[in-house]
>>> print(open('upload_9.cif').read())   # mmCIF, C-alpha atoms
data_protein
loop_
_atom_site.group_PDB
_atom_site.id
_atom_site.type_symbol
_atom_site.label_atom_id
_atom_site.label_comp_id
_atom_site.auth_asym_id
_atom_site.auth_seq_id
_atom_site.Cartn_x
_atom_site.Cartn_y
_atom_site.Cartn_z
ATOM 1 C CA MET U 1 64.229 133.152 -112.991
ATOM 2 C CA LYS U 2 64.184 136.922 -113.237
ATOM 3 C CA PHE U 3 62.337 138.916 -115.898
ATOM 4 C CA SER U 4 62.679 142.528 -116.942
ATOM 5 C CA LEU U 5 61.029 144.891 -119.375
ATOM 6 C CA ARG U 6 63.053 147.430 -121.362
ATOM 7 C CA LEU U 7 61.465 150.531 -122.873
ATOM 8 C CA ASN U 8 62.753 153.411 -124.957
ATOM 9 C CA ASN U 9 62.670 156.952 -123.593
ATOM 10 C CA ASP U 10 60.333 158.049 -126.374
ATOM 11 C CA VAL U 11 57.173 158.095 -124.237
ATOM 12 C CA ASP U 12 56.015 160.792 -121.831
ATOM 13 C CA ALA U 13 56.284 160.412 -118.070
ATOM 14 C CA ALA U 14 52.624 159.587 -117.496
ATOM 15 C CA ARG U 15 52.630 156.758 -120.011
ATOM 16 C CA PHE U 16 55.937 155.365 -118.776
ATOM 17 C CA ALA U 17 54.566 155.304 -115.232
ATOM 18 C CA ARG U 18 51.513 153.375 -116.463
ATOM 19 C CA LEU U 19 53.713 150.879 -118.309
ATOM 20 C CA ALA U 20 55.914 150.384 -115.244
ATOM 21 C CA ALA U 21 52.831 149.760 -113.104
ATOM 22 C CA LEU U 22 51.518 147.336 -115.731
ATOM 23 C CA ALA U 23 54.839 145.489 -115.716
ATOM 24 C CA GLU U 24 54.678 145.220 -111.941
ATOM 25 C CA GLU U 25 51.103 143.902 -112.097
ATOM 26 C CA ASN U 26 52.131 141.285 -114.644
ATOM 27 C CA GLY U 27 55.028 139.760 -112.758
ATOM 28 C CA PHE U 28 58.125 141.527 -114.058
ATOM 29 C CA ASP U 29 61.007 142.025 -111.643
ATOM 30 C CA GLN U 30 62.567 145.083 -113.265
ATOM 31 C CA VAL U 31 61.773 147.768 -115.810
ATOM 32 C CA TRP U 32 64.545 149.635 -117.609
ATOM 33 C CA VAL U 33 64.410 152.746 -119.766
ATOM 34 C CA SER U 34 66.963 153.966 -122.276
ATOM 35 C CA ASN U 35 68.468 157.446 -122.161
ATOM 36 C CA ASP U 36 68.956 158.182 -125.852
ATOM 37 C CA LEU U 37 69.760 161.807 -126.585
ATOM 38 C CA PHE U 38 67.094 164.315 -127.632
ATOM 39 C CA LEU U 39 64.169 162.260 -126.285
ATOM 40 C CA GLU U 40 62.524 162.196 -122.837
ATOM 41 C CA SER U 41 64.782 162.357 -119.762
ATOM 42 C CA ALA U 42 65.247 158.871 -118.325
ATOM 43 C CA ALA U 43 65.684 160.287 -114.828
ATOM 44 C CA VAL U 44 62.309 162.022 -115.023
ATOM 45 C CA LEU U 45 60.653 158.873 -116.355
ATOM 46 C CA VAL U 46 62.044 156.760 -113.506
ATOM 47 C CA THR U 47 60.898 159.378 -111.010
ATOM 48 C CA ALA U 48 57.372 159.154 -112.408
ATOM 49 C CA ALA U 49 57.455 155.361 -112.294
ATOM 50 C CA ALA U 50 58.656 155.376 -108.687
ATOM 51 C CA GLY U 51 55.418 156.985 -107.589
ATOM 52 C CA ALA U 52 53.293 154.522 -109.550
ATOM 53 C CA THR U 53 54.965 151.307 -108.322
ATOM 54 C CA GLU U 54 55.888 149.620 -105.052
ATOM 55 C CA ARG U 55 57.962 146.504 -105.730
ATOM 56 C CA ILE U 56 59.519 146.478 -109.169
ATOM 57 C CA GLY U 57 63.148 147.450 -109.739
ATOM 58 C CA LEU U 58 63.659 150.577 -111.842
ATOM 59 C CA GLY U 59 66.727 151.180 -113.969
ATOM 60 C CA VAL U 60 68.257 153.431 -116.598
ATOM 61 C CA GLY U 61 69.914 151.503 -119.369
ATOM 62 C CA VAL U 62 72.117 153.340 -119.962
ATOM 63 C CA PHE U 63 73.678 156.599 -118.849
ATOM 64 C CA ASN U 64 76.880 157.401 -120.707
ATOM 65 C CA PRO U 65 79.906 159.354 -119.427
ATOM 66 C CA VAL U 66 80.182 161.484 -122.567
ATOM 67 C CA SER U 67 76.986 163.540 -122.549
ATOM 68 C CA MET U 68 76.946 163.368 -118.708
ATOM 69 C CA HIS U 69 79.919 163.746 -116.383
ATOM 70 C CA THR U 70 80.306 161.014 -113.796
ATOM 71 C CA PRO U 71 79.508 163.321 -110.831
ATOM 72 C CA GLU U 72 76.182 164.131 -112.511
ATOM 73 C CA ILE U 73 75.482 160.423 -113.067
ATOM 74 C CA ALA U 74 76.348 159.741 -109.425
ATOM 75 C CA MET U 75 74.061 162.521 -108.171
ATOM 76 C CA ILE U 76 71.086 161.345 -110.223
ATOM 77 C CA ALA U 77 71.639 157.676 -109.380
ATOM 78 C CA ALA U 78 71.990 158.385 -105.665
ATOM 79 C CA SER U 79 68.848 160.539 -105.639
ATOM 80 C CA LEU U 80 66.849 157.869 -107.479
ATOM 81 C CA HIS U 81 68.211 155.200 -105.127
ATOM 82 C CA ASP U 82 66.931 157.295 -102.202
ATOM 83 C CA LEU U 83 63.588 158.091 -103.859
ATOM 84 C CA THR U 84 62.830 154.456 -104.718
ATOM 85 C CA GLY U 85 63.903 152.968 -101.405
ATOM 86 C CA GLY U 86 66.824 151.149 -103.000
ATOM 87 C CA ARG U 87 64.940 149.873 -106.053
ATOM 88 C CA PHE U 88 67.064 151.804 -108.538
ATOM 89 C CA ASN U 89 69.607 150.064 -110.782
ATOM 90 C CA LEU U 90 72.259 152.076 -112.607
ATOM 91 C CA GLY U 91 73.040 151.045 -116.164
ATOM 92 C CA LEU U 92 76.241 152.441 -117.614
ATOM 93 C CA GLY U 93 77.513 152.263 -121.170
ATOM 94 C CA ALA U 94 79.681 153.990 -123.703
ATOM 95 C CA GLY U 95 76.761 155.578 -125.534
ATOM 96 C CA ALA U 96 75.996 155.152 -129.225
ATOM 97 C CA ASP U 97 78.561 157.135 -131.214
ATOM 98 C CA ARG U 98 75.943 157.840 -133.886
ATOM 99 C CA PHE U 99 73.797 159.792 -131.438
ATOM 100 C CA LEU U 100 76.763 161.419 -129.714
ATOM 101 C CA ARG U 101 77.925 162.755 -133.069
ATOM 102 C CA TRP U 102 74.549 164.471 -133.493
ATOM 103 C CA ALA U 103 75.524 166.597 -130.498
ATOM 104 C CA ALA U 104 79.073 167.143 -131.787
ATOM 105 C CA LEU U 105 80.458 165.362 -128.735
ATOM 106 C CA GLU U 106 84.027 164.150 -128.915
ATOM 107 C CA THR U 107 84.606 160.727 -127.449
ATOM 108 C CA ARG U 108 87.444 158.646 -126.133
ATOM 109 C CA PRO U 109 87.531 154.937 -127.010
ATOM 110 C CA PRO U 110 84.268 153.395 -125.701
ATOM 111 C CA VAL U 111 85.685 150.770 -123.348
ATOM 112 C CA ALA U 112 88.272 153.127 -121.853
ATOM 113 C CA ARG U 113 85.737 155.846 -121.081
ATOM 114 C CA THR U 114 83.326 153.331 -119.532
ATOM 115 C CA ARG U 115 86.034 151.741 -117.390
ATOM 116 C CA THR U 116 87.123 155.134 -116.066
ATOM 117 C CA ALA U 117 83.513 156.043 -115.306
ATOM 118 C CA ILE U 118 82.945 152.841 -113.322
ATOM 119 C CA HIS U 119 86.001 153.477 -111.148
ATOM 120 C CA GLU U 120 84.962 157.083 -110.542
ATOM 121 C CA LEU U 121 81.393 156.101 -109.699
ATOM 122 C CA ARG U 122 82.505 153.354 -107.327
ATOM 123 C CA ALA U 123 84.642 155.880 -105.461
ATOM 124 C CA LEU U 124 81.834 158.431 -105.271
ATOM 125 C CA PHE U 125 79.272 155.882 -104.070
ATOM 126 C CA ALA U 126 81.732 154.792 -101.364
ATOM 127 C CA GLY U 127 82.022 158.378 -100.135
ATOM 128 C CA GLU U 128 85.534 158.729 -101.497
ATOM 129 C CA THR U 129 87.196 161.173 -103.880
ATOM 130 C CA PRO U 130 88.001 159.714 -107.330
ATOM 131 C CA PRO U 131 91.603 159.960 -108.534
ATOM 132 C CA GLY U 132 92.329 163.335 -110.093
ATOM 133 C CA PHE U 133 89.370 165.065 -108.437
ATOM 134 C CA SER U 134 89.751 167.800 -105.828
ATOM 135 C CA PRO U 135 89.564 166.594 -102.198
ATOM 136 C CA GLU U 136 86.191 168.344 -101.834
ATOM 137 C CA ALA U 137 84.662 166.116 -104.540
ATOM 138 C CA ARG U 138 82.550 163.826 -102.385
ATOM 139 C CA LEU U 139 78.973 162.642 -102.930
ATOM 140 C CA ALA U 140 76.600 164.010 -100.281
ATOM 141 C CA LEU U 141 74.348 160.916 -100.224
ATOM 142 C CA ALA U 142 77.240 158.459 -99.923
ATOM 143 C CA PRO U 143 78.020 155.872 -98.849
ATOM 144 C CA LEU U 144 75.394 153.766 -100.553
ATOM 145 C CA ASP U 145 75.140 150.330 -102.144
ATOM 146 C CA MET U 146 74.572 151.038 -105.835
ATOM 147 C CA ARG U 147 74.282 148.196 -108.335
ATOM 148 C CA ILE U 148 76.043 149.017 -111.603
ATOM 149 C CA TYR U 149 75.122 147.180 -114.796
ATOM 150 C CA VAL U 150 77.149 147.558 -117.981
ATOM 151 C CA GLY U 151 75.250 147.676 -121.245
ATOM 152 C CA GLY U 152 77.072 146.654 -124.386
ATOM 153 C CA MET U 153 77.291 144.501 -127.474
ATOM 154 C CA GLY U 154 80.972 144.009 -128.283
ATOM 155 C CA THR U 155 83.414 141.548 -126.766
ATOM 156 C CA ARG U 156 85.534 144.097 -124.912
ATOM 157 C CA MET U 157 82.535 145.791 -123.316
ATOM 158 C CA LEU U 158 81.213 142.426 -122.137
ATOM 159 C CA GLN U 159 84.631 141.639 -120.690
ATOM 160 C CA LEU U 160 84.520 144.943 -118.832
ATOM 161 C CA ALA U 161 81.149 143.986 -117.365
ATOM 162 C CA GLY U 162 82.555 140.716 -116.121
ATOM 163 C CA ALA U 163 85.587 142.366 -114.583
ATOM 164 C CA LEU U 164 83.968 145.340 -112.836
ATOM 165 C CA ALA U 165 80.151 145.399 -112.834
ATOM 166 C CA ASP U 166 77.399 143.894 -110.690
ATOM 167 C CA GLY U 167 75.399 142.942 -113.753
ATOM 168 C CA ALA U 168 75.371 143.071 -117.516
ATOM 169 C CA LEU U 169 72.840 144.102 -120.141
ATOM 170 C CA PRO U 170 74.235 142.440 -123.264
ATOM 171 C CA LEU U 171 72.115 143.284 -126.280
ATOM 172 C CA LEU U 172 71.677 139.992 -128.109
ATOM 173 C CA PHE U 173 71.544 140.472 -131.852
ATOM 174 C CA PRO U 174 70.716 137.690 -132.647
ATOM 175 C CA PRO U 175 69.318 136.078 -129.463
ATOM 176 C CA SER U 176 71.389 132.934 -130.074
ATOM 177 C CA HIS U 177 74.483 135.002 -129.201
ATOM 178 C CA PHE U 178 73.613 134.645 -125.504
ATOM 179 C CA ALA U 179 75.820 131.603 -124.899
ATOM 180 C CA VAL U 180 78.872 133.416 -126.279
ATOM 181 C CA ALA U 181 78.101 136.623 -124.381
ATOM 182 C CA ARG U 182 77.559 134.739 -121.125
ATOM 183 C CA GLN U 183 80.835 132.856 -121.514
ATOM 184 C CA THR U 184 82.724 136.059 -122.356
ATOM 185 C CA ILE U 185 81.416 137.767 -119.204
ATOM 186 C CA ALA U 186 82.084 134.733 -117.003
ATOM 187 C CA GLU U 187 85.661 134.278 -118.202
ATOM 188 C CA ALA U 188 86.421 137.958 -117.614
ATOM 189 C CA ALA U 189 84.986 137.728 -114.106
ATOM 190 C CA GLU U 190 87.131 134.696 -113.309
ATOM 191 C CA ARG U 191 90.277 136.420 -114.592
ATOM 192 C CA ALA U 192 89.477 139.312 -112.261
ATOM 193 C CA GLY U 193 89.148 136.911 -109.338
ATOM 194 C CA ARG U 194 85.383 137.261 -109.148
ATOM 195 C CA ASP U 195 82.629 134.656 -108.933
ATOM 196 C CA PRO U 196 80.640 134.956 -112.200
ATOM 197 C CA ASN U 197 77.604 133.464 -110.477
ATOM 198 C CA THR U 198 77.225 136.659 -108.454
ATOM 199 C CA LEU U 199 76.647 138.737 -111.594
ATOM 200 C CA ASP U 200 73.132 139.384 -112.878
ATOM 201 C CA VAL U 201 73.518 138.767 -116.611
ATOM 202 C CA ALA U 202 70.331 139.633 -118.477
ATOM 203 C CA ALA U 203 69.614 137.992 -121.811
ATOM 204 C CA CYS U 204 68.459 141.183 -123.526
ATOM 205 C CA VAL U 205 66.342 140.495 -126.592
ATOM 206 C CA TRP U 206 64.217 142.647 -128.813
ATOM 207 C CA CYS U 207 60.705 141.245 -128.896
ATOM 208 C CA SER U 208 57.611 141.991 -130.954
ATOM 209 C CA VAL U 209 54.660 139.886 -129.848
ATOM 210 C CA ALA U 210 51.128 139.916 -131.287
ATOM 211 C CA ASP U 211 48.588 137.450 -132.627
ATOM 212 C CA ASP U 212 48.775 139.358 -135.933
ATOM 213 C CA ALA U 213 52.143 138.179 -137.303
ATOM 214 C CA ALA U 214 52.311 140.881 -139.986
ATOM 215 C CA ALA U 215 51.736 143.638 -137.418
ATOM 216 C CA ALA U 216 54.417 142.151 -135.166
ATOM 217 C CA ARG U 217 56.899 142.091 -138.047
ATOM 218 C CA ARG U 218 56.071 145.681 -138.989
ATOM 219 C CA ALA U 219 56.720 146.921 -135.458
ATOM 220 C CA MET U 220 60.087 145.172 -135.393
ATOM 221 C CA ALA U 221 60.989 146.461 -138.863
ATOM 222 C CA GLU U 222 60.422 150.077 -137.798
ATOM 223 C CA LYS U 223 62.741 149.657 -134.810
ATOM 224 C CA LEU U 224 65.435 147.956 -136.873
ATOM 225 C CA ALA U 225 65.313 150.621 -139.567
ATOM 226 C CA TYR U 226 65.906 153.342 -136.958
ATOM 227 C CA TYR U 227 68.623 151.698 -134.834
ATOM 228 C CA GLY U 228 70.266 149.378 -137.380
ATOM 229 C CA PRO U 229 72.755 151.929 -138.747
ATOM 230 C CA SER U 230 74.184 152.420 -135.227
ATOM 231 C CA PHE U 231 74.850 148.712 -134.656
ATOM 232 C CA SER U 232 78.501 147.757 -134.597
ATOM 233 C CA PRO U 233 79.902 145.842 -137.599
ATOM 234 C CA GLU U 234 81.015 143.100 -135.203
ATOM 235 C CA LEU U 235 77.443 142.647 -134.030
ATOM 236 C CA LEU U 236 75.959 142.566 -137.517
ATOM 237 C CA ARG U 237 78.513 140.112 -138.862
ATOM 238 C CA ARG U 238 76.947 137.482 -136.599
ATOM 239 C CA ALA U 239 73.868 137.651 -138.833
ATOM 240 C CA SER U 240 75.763 138.283 -142.109
ATOM 241 C CA LEU U 241 74.593 141.903 -142.161
ATOM 242 C CA GLU U 242 76.180 145.349 -142.297
ATOM 243 C CA PRO U 243 74.962 148.836 -141.283
ATOM 244 C CA ALA U 244 74.281 149.814 -144.896
ATOM 245 C CA ASP U 245 71.604 147.105 -145.067
ATOM 246 C CA PHE U 246 69.366 149.172 -142.790
ATOM 247 C CA THR U 247 67.801 151.914 -144.857
ATOM 248 C CA THR U 248 63.989 151.793 -144.848
ATOM 249 C CA VAL U 249 61.243 149.810 -143.183
ATOM 250 C CA GLU U 250 60.191 148.394 -146.556
ATOM 251 C CA GLU U 251 63.631 146.876 -147.091
ATOM 252 C CA VAL U 252 63.902 145.075 -143.720
ATOM 253 C CA THR U 253 64.566 141.430 -144.591
ATOM 254 C CA PRO U 254 63.969 138.150 -142.735
ATOM 255 C CA ALA U 255 67.683 138.119 -141.873
ATOM 256 C CA MET U 256 67.284 141.477 -140.162
ATOM 257 C CA LEU U 257 64.157 140.341 -138.328
ATOM 258 C CA SER U 258 66.143 137.399 -136.964
ATOM 259 C CA LEU U 259 68.033 139.901 -134.791
ATOM 260 C CA GLY U 260 64.979 139.830 -132.521
ATOM 261 C CA ILE U 261 62.053 137.590 -131.598
ATOM 262 C CA VAL U 262 58.833 138.075 -133.551
ATOM 263 C CA GLY U 263 55.500 136.271 -133.339
ATOM 264 C CA ALA U 264 52.743 135.137 -131.022
ATOM 265 C CA ALA U 265 53.215 134.114 -127.384
ATOM 266 C CA ALA U 266 54.044 130.528 -128.358
ATOM 267 C CA ASP U 267 56.839 131.741 -130.655
ATOM 268 C CA VAL U 268 58.326 133.880 -127.895
ATOM 269 C CA ILE U 269 58.132 131.000 -125.412
ATOM 270 C CA GLU U 270 59.939 128.704 -127.844
ATOM 271 C CA ALA U 271 62.701 131.222 -128.604
ATOM 272 C CA CYS U 272 63.222 132.255 -124.994
ATOM 273 C CA GLY U 273 63.094 128.634 -123.897
ATOM 274 C CA ARG U 274 66.301 128.157 -125.862
ATOM 275 C CA LEU U 275 67.877 130.999 -123.895
ATOM 276 C CA VAL U 276 66.890 129.379 -120.605
ATOM 277 C CA ALA U 277 68.280 126.059 -121.831
ATOM 278 C CA ALA U 278 71.548 127.882 -122.602
ATOM 279 C CA GLY U 279 71.761 129.031 -118.993
ATOM 280 C CA ALA U 280 69.853 132.335 -118.910
ATOM 281 C CA GLN U 281 68.478 133.094 -115.452
ATOM 282 C CA HIS U 282 67.319 136.598 -116.367
ATOM 283 C CA VAL U 283 65.420 137.259 -119.598
ATOM 284 C CA SER U 284 64.921 140.890 -120.557
ATOM 285 C CA PHE U 285 62.308 141.848 -123.158
ATOM 286 C CA GLY U 286 62.989 145.018 -125.124
ATOM 287 C CA PRO U 287 61.236 147.217 -127.637
ATOM 288 C CA PRO U 288 59.378 147.346 -129.863
ATOM 289 C CA LEU U 289 57.483 144.598 -127.890
ATOM 290 C CA GLY U 290 54.651 144.784 -130.418
ATOM 291 C CA PRO U 291 52.172 146.977 -132.292
ATOM 292 C CA ASP U 292 50.305 147.462 -128.979
ATOM 293 C CA VAL U 293 52.826 147.767 -126.143
ATOM 294 C CA GLU U 294 50.277 147.444 -123.327
ATOM 295 C CA ALA U 295 48.820 144.296 -124.864
ATOM 296 C CA ALA U 296 52.331 142.925 -125.351
ATOM 297 C CA VAL U 297 53.234 143.455 -121.689
ATOM 298 C CA LYS U 298 50.069 141.628 -120.642
ATOM 299 C CA THR U 299 50.744 138.764 -123.069
ATOM 300 C CA LEU U 300 54.298 138.389 -121.830
ATOM 301 C CA GLY U 301 53.225 138.512 -118.191
ATOM 302 C CA ARG U 302 50.260 136.164 -118.455
ATOM 303 C CA HIS U 303 51.644 133.598 -120.884
ATOM 304 C CA VAL U 304 55.384 133.853 -121.506
ATOM 305 C CA LEU U 305 56.768 134.493 -118.016
ATOM 306 C CA PRO U 306 54.833 131.619 -116.354
ATOM 307 C CA ALA U 307 55.893 129.218 -119.111
ATOM 308 C CA LEU U 308 59.561 130.146 -118.753
ATOM 309 C CA SER U 309 59.396 129.991 -114.963
#
>>> encode(input="upload_9.cif", output="structure tokens")
Amino acid sequence: MKFSLRLNNDVDAARFARLAALAEENGFDQVWVSNDLFLESAAVLVTAAAGATERIGLGVGVFNPVSMHTPEIAMIAASLHDLTGGRFNLGLGAGADRFLRWAALETRPPVARTRTAIHELRALFAGETPPGFSPEARLALAPLDMRIYVGGMGTRMLQLAGALADGALPLLFPPSHFAVARQTIAEAAERAGRDPNTLDVAACVWCSVADDAAAARRAMAEKLAYYGPSFSPELLRRASLEPADFTTVEEVTPAMLSLGIVGAAADVIEACGRLVAAGAQHVSFGPPLGPDVEAAVKTLGRHVLPALS
């Protein structure tokens, strides 16, 4: 089994470094940080964490090829790969259109832009020039072995992960969607002539863990109220929801809370045990994690991870 911790890029570098070190101390294999626009720079956060850790894998989940050009993504990823001694994992995704619109960024269809970015990044990491680039367009730190994970929710993005990526970060809303997501990725890999067993497919769940059930629910409600409107209709239909349902924290319903895992350690063990039974070999715990994030990381590391292992 592999376990990872996912955090939002809404904390400063010093705190993120402490959380990464805490995750390492408590048995996690990877820590990922988002790169949502207008918050802290994920690259800076990973750099801070690199100096505070020794073993744990560090990843950005995800860079997008709209607000960043692929040569910039390649430069940052290669530098972080070098800085961390090969511990860096590159997460790539289309980016949330809601946030991209805030910056007045025009976008091509999500899957198409992500597919193009993967091909360009593969070429750059191999020391080659991507199609359409000038012959001088070569990455200075190449060649290097860079693991690319695709983050996504929809069917076509998961198929892209299976066809081209080294791993996948499927956001599971609700967690029971894992079996479908895993099968979608595996079938796409097989059609591309790849062995699906070589892909690291993380069962990415939102988790809010605390002994105080009401506090755990409140933490999850705040996260759902903020991100819910950006969820795809396809995703929400799985739980009989729609983006308009997500307006305020006070109106977050039990159906909305079912998009994640909420409760004490025993509740998390039970819910994640079902993921393991469905074939998950990598469980990834994402925010809000709980009303006290440090306490949540310790609870997960000391109680949940050993039970699932």
>>> resolve_selection(input="upload_9.cif", expression="the PyMOL selection byres ((chain U and resi 181) around 10)", output="PyMOL selection string")
chain U and resi 153-155+158-159+168+170-172+176-180+182-186+201+203
>>> write_last_selection(input="upload_9.cif", atoms="C-alpha atoms", output="compact mmCIF listing (two decimals), in the frame of the given file")
# COMPACT_ATOMS: atom_id res chain seq x y z
CA MET U 153 77.29 144.50 -127.47
CA GLY U 154 80.97 144.01 -128.28
CA THR U 155 83.41 141.55 -126.77
CA LEU U 158 81.21 142.43 -122.14
CA GLN U 159 84.63 141.64 -120.69
CA ALA U 168 75.37 143.07 -117.52
CA PRO U 170 74.24 142.44 -123.26
CA LEU U 171 72.11 143.28 -126.28
CA LEU U 172 71.68 139.99 -128.11
CA SER U 176 71.39 132.93 -130.07
CA HIS U 177 74.48 135.00 -129.20
CA PHE U 178 73.61 134.65 -125.50
CA ALA U 179 75.82 131.60 -124.90
CA VAL U 180 78.87 133.42 -126.28
CA ARG U 182 77.56 134.74 -121.12
CA GLN U 183 80.83 132.86 -121.51
CA THR U 184 82.72 136.06 -122.36
CA ILE U 185 81.42 137.77 -119.20
CA ALA U 186 82.08 134.73 -117.00
CA VAL U 201 73.52 138.77 -116.61
CA ALA U 203 69.61 137.99 -121.81
>>> resolve_selection(input="upload_9.cif", expression="the PyMOL selection byres ((chain U and resi 290-299) around 8)", output="VMD selection string")
chain U and resid 19 22 to 23 26 207 to 210 215 to 216 218 to 220 265 287 to 289 300 to 304
>>> resolve_selection(input="upload_9.cif", expression="the PyMOL selection byres ((chain U and resi 30) around 6)", output="VMD selection string")
chain U and resid 4 28 to 29 31 56 to 58
>>> axis_aligned_box(input="upload_9.cif", around="stretch 133-146 of chain U", padding_each_side="5 Å", output="JSON")
{"center_x": 82.0, "center_y": 159.3, "center_z": -103.6, "size_x": 25.4, "size_y": 28.0, "size_z": 19.6}
>>> atom_distance(input="upload_9.cif", atom1="atom CA of U:Ala126", atom2="atom CA of U:Asp145")
8.0 Å
>>> atom_distance(input="upload_9.cif", atom1="atom CA of U:Gln281", atom2="atom CA of U:Thr198")
11.8 Å
>>> residues_around(input="upload_9.cif", residues="U:Gly86", least_positions_apart="6", cutoff="12 Å", atoms="all atoms listed in the file", output="list in words")
Ala50, Glu54, Arg55, Ile56, Gly57, Leu58, Gly59, Ala77, Ala78, Ser79, Leu80, Leu144, Asp145, Met146 and Arg147 of chain U
>>> decode(input="upload_9.cif", residues="stretch 80-139 of chain U", atoms="C-alpha atoms", output="PDB file, in the first residue's frame")
ATOM      1  CA  LEU U  80      12.453  20.534  -8.456  1.00  0.00           C
ATOM      2  CA  HIS U  81      13.458  17.043  -9.604  1.00  0.00           C
ATOM      3  CA  ASP U  82      17.109  18.114  -9.264  1.00  0.00           C
ATOM      4  CA  LEU U  83      16.577  19.894  -5.933  1.00  0.00           C
ATOM      5  CA  THR U  84      14.784  16.943  -4.321  1.00  0.00           C
ATOM      6  CA  GLY U  85      17.118  14.242  -5.586  1.00  0.00           C
ATOM      7  CA  GLY U  86      14.419  12.730  -7.779  1.00  0.00           C
ATOM      8  CA  ARG U  87      11.613  12.893  -5.210  1.00  0.00           C
ATOM      9  CA  PHE U  88       9.478  15.274  -7.257  1.00  0.00           C
ATOM     10  CA  ASN U  89       6.291  14.118  -8.997  1.00  0.00           C
ATOM     11  CA  LEU U  90       4.672  16.266 -11.677  1.00  0.00           C
ATOM     12  CA  GLY U  91       0.893  16.473 -11.650  1.00  0.00           C
ATOM     13  CA  LEU U  92      -0.700  17.844 -14.794  1.00  0.00           C
ATOM     14  CA  GLY U  93      -4.312  18.771 -15.416  1.00  0.00           C
ATOM     15  CA  ALA U  94      -6.566  20.974 -17.456  1.00  0.00           C
ATOM     16  CA  GLY U  95      -7.097  23.492 -14.666  1.00  0.00           C
ATOM     17  CA  ALA U  96     -10.463  24.516 -13.249  1.00  0.00           C
ATOM     18  CA  ASP U  97     -12.222  26.708 -15.812  1.00  0.00           C
ATOM     19  CA  ARG U  98     -13.877  28.667 -12.998  1.00  0.00           C
ATOM     20  CA  PHE U  99     -10.521  29.892 -11.717  1.00  0.00           C
ATOM     21  CA  LEU U 100      -9.065  30.379 -15.189  1.00  0.00           C
ATOM     22  CA  ARG U 101     -11.980  32.650 -16.047  1.00  0.00           C
ATOM     23  CA  TRP U 102     -11.073  34.848 -13.068  1.00  0.00           C
ATOM     24  CA  ALA U 103      -7.846  35.614 -14.923  1.00  0.00           C
ATOM     25  CA  ALA U 104      -9.640  36.095 -18.255  1.00  0.00           C
ATOM     26  CA  LEU U 105      -7.710  33.173 -19.719  1.00  0.00           C
ATOM     27  CA  GLU U 106      -9.054  31.631 -22.890  1.00  0.00           C
ATOM     28  CA  THR U 107      -8.934  27.865 -22.986  1.00  0.00           C
ATOM     29  CA  ARG U 108      -9.019  25.086 -25.513  1.00  0.00           C
ATOM     30  CA  PRO U 109     -11.040  21.958 -24.700  1.00  0.00           C
ATOM     31  CA  PRO U 110      -9.611  20.510 -21.444  1.00  0.00           C
ATOM     32  CA  VAL U 111      -8.602  17.053 -22.655  1.00  0.00           C
ATOM     33  CA  ALA U 112      -7.038  18.348 -25.873  1.00  0.00           C
ATOM     34  CA  ARG U 113      -4.892  20.932 -24.103  1.00  0.00           C
ATOM     35  CA  THR U 114      -3.743  18.384 -21.510  1.00  0.00           C
ATOM     36  CA  ARG U 115      -2.881  15.783 -24.145  1.00  0.00           C
ATOM     37  CA  THR U 116      -0.811  18.300 -26.101  1.00  0.00           C
ATOM     38  CA  ALA U 117       0.979  19.362 -22.922  1.00  0.00           C
ATOM     39  CA  ILE U 118       1.900  15.773 -22.038  1.00  0.00           C
ATOM     40  CA  HIS U 119       3.432  15.170 -25.468  1.00  0.00           C
ATOM     41  CA  GLU U 120       5.380  18.430 -25.297  1.00  0.00           C
ATOM     42  CA  LEU U 121       6.627  17.708 -21.785  1.00  0.00           C
ATOM     43  CA  ARG U 122       7.682  14.173 -22.679  1.00  0.00           C
ATOM     44  CA  ALA U 123       9.741  15.553 -25.557  1.00  0.00           C
ATOM     45  CA  LEU U 124      11.357  18.226 -23.396  1.00  0.00           C
ATOM     46  CA  PHE U 125      12.208  15.791 -20.595  1.00  0.00           C
ATOM     47  CA  ALA U 126      13.806  13.485 -23.183  1.00  0.00           C
ATOM     48  CA  GLY U 127      16.027  16.324 -24.391  1.00  0.00           C
ATOM     49  CA  GLU U 128      14.110  16.655 -27.635  1.00  0.00           C
ATOM     50  CA  THR U 129      12.336  19.536 -29.358  1.00  0.00           C
ATOM     51  CA  PRO U 130       8.513  19.306 -29.284  1.00  0.00           C
ATOM     52  CA  PRO U 131       6.688  19.471 -32.620  1.00  0.00           C
ATOM     53  CA  GLY U 132       6.178  23.048 -33.759  1.00  0.00           C
ATOM     54  CA  PHE U 133       8.913  24.460 -31.520  1.00  0.00           C
ATOM     55  CA  SER U 134      12.112  26.009 -32.864  1.00  0.00           C
ATOM     56  CA  PRO U 135      15.107  23.627 -33.020  1.00  0.00           C
ATOM     57  CA  GLU U 136      16.750  25.575 -30.178  1.00  0.00           C
ATOM     58  CA  ALA U 137      13.879  24.687 -27.812  1.00  0.00           C
ATOM     59  CA  ARG U 138      15.592  22.090 -25.651  1.00  0.00           C
ATOM     60  CA  LEU U 139      15.499  21.676 -21.868  1.00  0.00           C
TER      61      LEU U 139
END
